[in-house]
Each structure stands twice: as structure tokens, then as C-alpha cells.
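Trainee: This is the structure I want to talk about, given as C-alpha cells.
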Amino acid sequence: MEDNQVAAELRIRLAETIGQERFELWFGAGTQWRLDQKSLTIVVSNNFTRDWLRRNFSGELRAVCRAVMGCELSIDFGIDEKLSVPAPSNVKPPLPKPAEVPKAVSKLLAGETAQSPQPAAIGRLGGAGRNGRKAEPLVGRTEPKLAELVVGTGNEYAMRAAEVTARGLQQASPVVFCGPTGVGKTHLLRAIRAEYRHSHPRARAVYLTAEQFITSFVEALRGSGLPSFRQKCRGADLLILDDIQFFAGKRASLDELLHTFDVLLAEGRQIVLGSDRSLAELQSLGKELVSRVASGLVCNIQPPDFAMRLEIVGRLSRELGLALDAEVIGLVATQISAGARELRGALHRLQATTLAYDEPISQQMAFNALSDLAQQCTQHVRLADVEQAICNVFGVEAVQLRSDRKSRSIHEPRMLAMWLARKYTRAPWSEIGEFFGRRSHSTVISAHHRVEKLIRSRAVIGVSHETCGVEEAIRRVEAAIRSA
């Protein structure tokens, strides 16, 4: 093939490897590919983009070159300022890092990570943005709406279940929403209550956290308010309990909760639960309660993927009055790989910095301002951490994962290990393949595609001495990674 045909094939392969959104963001318009027999040079318009590509995509580029051309190429990065519109002559030098921001905005920075309404029902904050538009102040605490939530691959099933439940059409009870901190469970539960109240104005919808339930129950026991407490919970048409994992070890409260469940279920009332733990991790609540929870509908919520983070950042920036271009939004979504709280904190950081220096938010400024925050929000995961978590959950040995054995009990954990390694580490395909038994990068890519297919088809796989859905197996491994 001619060089331009080979370059086109390389671009296609890279887009398949890193995802179309990331490819368009970093390798789209304004980027040139120059290819010869010994090297591939990616030419961009500025130092920032060049350095970013070198740090984050060198491994993928080398792997793609090997796959397409069958040999190693030298990967270089160059700069051609003609690829972009010349900057004004009065552009000021790069801003210092946030640690050097004047004390005048220290209070604003100090409150940047305060817990705020999460994920996509965006709270409106007062203050003027860079475009001079005054954001609408928040008066009281507004109830979120399901229509305001960002929907993606990680929460689509849960959203559909929430919509049906909020309309009072759900047949299963209880409905349980499980997922790690920061994926929007509390926001979703409050939105269900708000929508249910709107569609059933005469019905009673009660929302309580586990702490509120336990505290109210204990206070009722000490006084004479037990009948009133029970009437509130057991008389509800919709009872929503958040953070049920905190009932663990509270024997009296668990007994009261179990009786409350029995009354509501016997009368056909709706129960909705939220938990930071998967059903398999809630055994400390007792077999009787767990069996009742398992008889309902369990909806798992995953952390937002890149596409969801892009939309969340876009919505949050509009609510904060921040004028961000697509490159900066993409940078925030890439740098902050956690949930909506952390994304909001990142935008507060940008807001504080742009006000402090009276500078528009550019890529360079955003990169400098968020560098330390990105490290705090991103758990450092090694390939060995993924391997250990897989071994613990599936009951296999590390030497088996790296072996040539192809039995289902080894092959499926090995595929998940490669998939999770790609998700949680920055290791390129080739390094992952080398770690898990000196396999080729194409084998790792194939395993990645097969796991994605298993997830889409909601397949069942073997975990230790039982079988479960592949999504549940992934959640167990991810919990093990987080607790490592």
C-alpha cells in the first residue's frame, strides 16, 4: 500500500483502539500523520498537545503500527504552528499552578470538593461566568428530575427501571440500585421520589437514608414515638432507603427494617433501595433481609465512561457560566476519570483560577490547574493489582492466568483481567499481553472485544463455585481493586 493508504489504515485502527470520541478529540482536525518506512510522525499545532499525545498515546501508536505494518516504527511528534490560527501577540505566559493562586481565592478553592448534588441534575450556582451571564441563584434545595440525568452505558438499565418505578408501573419490589460512591445513586433515588409525587399527588413517598432510619428508630424507642415512626415507614406507598449497607451490625434496626419490608411487600407497596455494595457484599445484613432484597430487581450502576463525562462536564460548565471549548471539556473528562462530584470540583477549580488571573480557560491553563487534582481523583492501579483482584474473586492462581490453559474457568477470568487492565491502567495493549503470559497485543484486543460482547448480551460466567452475570463479576473485581 502507498504511504497515505497505510496512514489511513493506522488512523482507523487507532480509532478502534482508543475509541472514536478520544480519537476525534486528540487526532482529528488540525493533526497531520507523516509516514515513511522507519517512522511515524504525528504533527500538531502546539507544545501542549504534542506533550499530551507523547505521554498518553505512544504505546497505542506503536501497537497499531505493529498490527498494520508487521514491524516496529519509531514514533515521533512534531509541531507545525500553521496547523492552527495564530495566537494574538498579547497572549500572556502560562499561568502558575493552583498552589500559587493568590490568597484572595483560597476560600473558593478550599470549598471546591464539597459534596454537591450529583451526577447530572446540575445545581445552579450564583455568580457571573466568563461570558458575563449571571447564573440563576439556587433558592432552597430543588428536587432533581429523571429527565436531567445523563444516560450512558453505565446506567442505562438503571434509568429505565427508575422511570418505570417513578410512574408506579414497576412490578418488582424492592428495586435496588447498586454502585460505587459518586455514580449518582442518591440523585437517582431523589429523582424517583420527585417524579412519583408528581404522578401520584395523593400517595405517600418517603425518602430516608440508613442513618436517618436508624436514628429515628432509636429515638422512637427511647420516647413514645414508635407508633408514629412505624406509621411513617409502613404507611408509605413508596419507601426509599439509601445507603442500606450501613444497617450492617445494627441488629435492632435490622429487625425493624425486616418487619417493615414484610408489611410493605404483603400490601403490594413499592420499596426502592440504594447501596454502595453489590448484593454479594451485603451478606452482613442477614440472610432473611438479603433474600428479600434479592427477590426484587437489582440494577447496577457503573462509573461514568468518557462519553458520559463529556456530557456531564458540558452541562456543569453551562450551569456555572463557564465558556469552555470542546478541547477543554475533553481535557477535563480525560483528566478526571471519577464521578460527577469530582468533575464539579474540577470546574470549581477552573472557575477560581480564571477569576483569580482574569484569564480565559485555555487547554494549557486547564492542564496546569487540574494536574494535582487529577492525581488525587484517580486511583493508581497496577497490572499486578488487577491480577490479584481477579485471583481473589475467581479463586484462581496468578500462574494459571499467565498459562496457556484454555479451560473456561481460566479463560474467562483471563479475558476479564485484560479488559480491566485496559480500563484501570495506562498500560498499552502490548504491555498487558506481556504481563498476562507474553501474549500478543492482538490477543488482548480480541479479549477486550469479547468481554464487551459478553456485557452487551448480559452473559453468565462462572465465579469461584457459582455462576453470575458478567457485570456482577466485574463489579466484584472492581470492589476488590478499590479496597486493595
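Naming works like this for the C-alpha cells: A, B, ... for the chains as they're shown, residue 1 at the start of each chain, ligands 1 onward in shown order.
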Excluding Val293 of chain A and any residue of its chain fewer than 4 positions from it, enumerate the residues within 10 Å of it, using only C-alpha atoms, and give them as a ChimeraX atom specification.

Mentor: /A:173-176,261,271-273,279,282,287-289,297-298

Trainee: Can you tell me which residues surround Ser403 of chain A at a distance of at most 9 Å, considering only C-alpha atoms, apart from same-chain residues fewer than 5 positions away, and format the answer as a ChimeraX atom specification?

Mentor: /A:398,410,436-437

Trainee: Can you tell me, as a PDB file with all heavy atoms, in the first residue's frame, what residues are no more than 6 Å from segment 179-193 of chain A when counting only C-alpha atoms, ignoring any on the same chain fewer than 4 positions away?

Mentor:
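Result file follows (selection-v7.pdb):
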```
ATOM      1  N   GLN A 118     -25.349  15.289  42.813  1.00  0.00           N
ATOM      2  CA  GLN A 118     -24.585  14.547  41.839  1.00  0.00           C
ATOM      3  C   GLN A 118     -25.481  13.980  40.794  1.00  0.00           C
ATOM      4  O   GLN A 118     -26.610  14.328  40.743  1.00  0.00           O
ATOM      5  CB  GLN A 118     -23.820  13.437  42.553  1.00  0.00           C
ATOM      6  CG  GLN A 118     -24.698  12.542  43.351  1.00  0.00           C
ATOM      7  CD  GLN A 118     -23.988  11.306  43.795  1.00  0.00           C
ATOM      8  OE1 GLN A 118     -22.813  11.228  43.841  1.00  0.00           O
ATOM      9  NE2 GLN A 118     -24.705  10.308  44.101  1.00  0.00           N
ATOM     10  N   PRO A 119     -25.004  13.232  39.932  1.00  0.00           N
ATOM     11  CA  PRO A 119     -24.329  13.390  38.705  1.00  0.00           C
ATOM     12  C   PRO A 119     -24.967  14.339  37.776  1.00  0.00           C
ATOM     13  O   PRO A 119     -24.313  15.224  37.328  1.00  0.00           O
ATOM     14  CB  PRO A 119     -24.329  12.075  38.039  1.00  0.00           C
ATOM     15  CG  PRO A 119     -24.812  11.138  38.958  1.00  0.00           C
ATOM     16  CD  PRO A 119     -25.274  11.917  40.162  1.00  0.00           C
ATOM     17  N   PRO A 144     -34.329  16.939  42.082  1.00  0.00           N
ATOM     18  CA  PRO A 144     -33.844  16.576  40.750  1.00  0.00           C
ATOM     19  C   PRO A 144     -34.942  15.909  39.931  1.00  0.00           C
ATOM     20  O   PRO A 144     -35.959  15.461  40.471  1.00  0.00           O
ATOM     21  CB  PRO A 144     -32.709  15.593  41.056  1.00  0.00           C
ATOM     22  CG  PRO A 144     -33.107  14.974  42.359  1.00  0.00           C
ATOM     23  CD  PRO A 144     -33.785  16.070  43.136  1.00  0.00           C
ATOM     24  N   LYS A 145     -34.722  15.857  38.644  1.00  0.00           N
ATOM     25  CA  LYS A 145     -35.653  15.205  37.732  1.00  0.00           C
ATOM     26  C   LYS A 145     -34.935  14.138  36.933  1.00  0.00           C
ATOM     27  O   LYS A 145     -33.772  14.307  36.563  1.00  0.00           O
ATOM     28  CB  LYS A 145     -36.277  16.235  36.784  1.00  0.00           C
ATOM     29  CG  LYS A 145     -37.108  17.302  37.485  1.00  0.00           C
ATOM     30  CD  LYS A 145     -37.676  18.303  36.485  1.00  0.00           C
ATOM     31  CE  LYS A 145     -38.488  19.381  37.177  1.00  0.00           C
ATOM     32  NZ  LYS A 145     -39.025  20.369  36.199  1.00  0.00           N
ATOM     33  N   LEU A 146     -35.637  13.057  36.650  1.00  0.00           N
ATOM     34  CA  LEU A 146     -35.024  11.976  35.889  1.00  0.00           C
ATOM     35  C   LEU A 146     -34.582  12.444  34.515  1.00  0.00           C
ATOM     36  O   LEU A 146     -33.559  11.994  33.994  1.00  0.00           O
ATOM     37  CB  LEU A 146     -36.010  10.809  35.745  1.00  0.00           C
ATOM     38  CG  LEU A 146     -36.298  10.005  37.025  1.00  0.00           C
ATOM     39  CD1 LEU A 146     -37.401   8.993  36.770  1.00  0.00           C
ATOM     40  CD2 LEU A 146     -35.040   9.293  37.508  1.00  0.00           C
ATOM     41  N   ALA A 166     -40.875   5.236  39.002  1.00  0.00           N
ATOM     42  CA  ALA A 166     -41.400   6.569  39.311  1.00  0.00           C
ATOM     43  C   ALA A 166     -42.827   6.751  38.807  1.00  0.00           C
ATOM     44  O   ALA A 166     -43.606   7.505  39.395  1.00  0.00           O
ATOM     45  CB  ALA A 166     -40.494   7.634  38.706  1.00  0.00           C
ATOM     46  N   ASP A 276     -23.977   1.115  48.247  1.00  0.00           N
ATOM     47  CA  ASP A 276     -22.628   1.225  47.706  1.00  0.00           C
ATOM     48  C   ASP A 276     -21.998  -0.142  47.488  1.00  0.00           C
ATOM     49  O   ASP A 276     -20.898  -0.241  46.960  1.00  0.00           O
ATOM     50  CB  ASP A 276     -21.725   2.022  48.655  1.00  0.00           C
ATOM     51  CG  ASP A 276     -22.020   3.510  48.622  1.00  0.00           C
ATOM     52  OD1 ASP A 276     -22.814   3.928  47.766  1.00  0.00           O
ATOM     53  OD2 ASP A 276     -21.466   4.238  49.466  1.00  0.00           O
ATOM     54  N   ASN A 300     -27.520  -2.370  38.623  1.00  0.00           N
ATOM     55  CA  ASN A 300     -26.160  -1.941  38.917  1.00  0.00           C
ATOM     56  C   ASN A 300     -25.795  -0.712  38.087  1.00  0.00           C
ATOM     57  O   ASN A 300     -26.141  -0.630  36.913  1.00  0.00           O
ATOM     58  CB  ASN A 300     -25.181  -3.074  38.644  1.00  0.00           C
ATOM     59  CG  ASN A 300     -25.415  -4.251  39.579  1.00  0.00           C
ATOM     60  OD1 ASN A 300     -25.124  -4.171  40.766  1.00  0.00           O
ATOM     61  ND2 ASN A 300     -25.951  -5.334  39.055  1.00  0.00           N
ATOM     62  N   ILE A 301     -25.091   0.203  38.715  1.00  0.00           N
ATOM     63  CA  ILE A 301     -24.683   1.447  38.066  1.00  0.00           C
ATOM     64  C   ILE A 301     -23.163   1.516  38.057  1.00  0.00           C
ATOM     65  O   ILE A 301     -22.527   1.344  39.105  1.00  0.00           O
ATOM     66  CB  ILE A 301     -25.263   2.679  38.785  1.00  0.00           C
ATOM     67  CG1 ILE A 301     -26.788   2.567  38.902  1.00  0.00           C
ATOM     68  CG2 ILE A 301     -24.872   3.959  38.053  1.00  0.00           C
ATOM     69  CD1 ILE A 301     -27.419   3.706  39.679  1.00  0.00           C
ATOM     70  N   PRO A 303     -19.445   3.575  37.075  1.00  0.00           N
ATOM     71  CA  PRO A 303     -18.929   4.952  36.959  1.00  0.00           C
ATOM     72  C   PRO A 303     -19.073   5.460  35.528  1.00  0.00           C
ATOM     73  O   PRO A 303     -19.058   4.669  34.582  1.00  0.00           O
ATOM     74  CB  PRO A 303     -17.457   4.797  37.360  1.00  0.00           C
ATOM     75  CG  PRO A 303     -17.410   3.573  38.221  1.00  0.00           C
ATOM     76  CD  PRO A 303     -18.448   2.646  37.643  1.00  0.00           C
ATOM     77  N   GLY A 339     -16.358  10.431  39.355  1.00  0.00           N
ATOM     78  CA  GLY A 339     -17.755  10.746  39.138  1.00  0.00           C
ATOM     79  C   GLY A 339     -18.043  12.226  39.038  1.00  0.00           C
ATOM     80  O   GLY A 339     -17.150  13.066  38.912  1.00  0.00           O
TER      81      GLY A 339
END
```

Trainee: Find the spatial neighbours of Val386 of chain A, counting only C-alpha atoms, within a cut-off of 8 Å - ignore same-chain residues fewer than 5 positions away - and output them as an MDAnalysis selection string.

Mentor: chainID A and resid 381 417 420:421 477 481

Trainee: To one decimal in Å, tell me the separation between atom CA of Glu412 of chain A and atom CA of Ile12 of chain A.

Mentor: 28.2 Å

Trainee: What is the distance between atom CA of Val328 of chain A and atom CA of Arg54 of chain A, in Å to one decimal?

Mentor: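 Between atom CA of Val328 of chain A and atom CA of Arg54 of chain A the gap works out to 18.2 Å.
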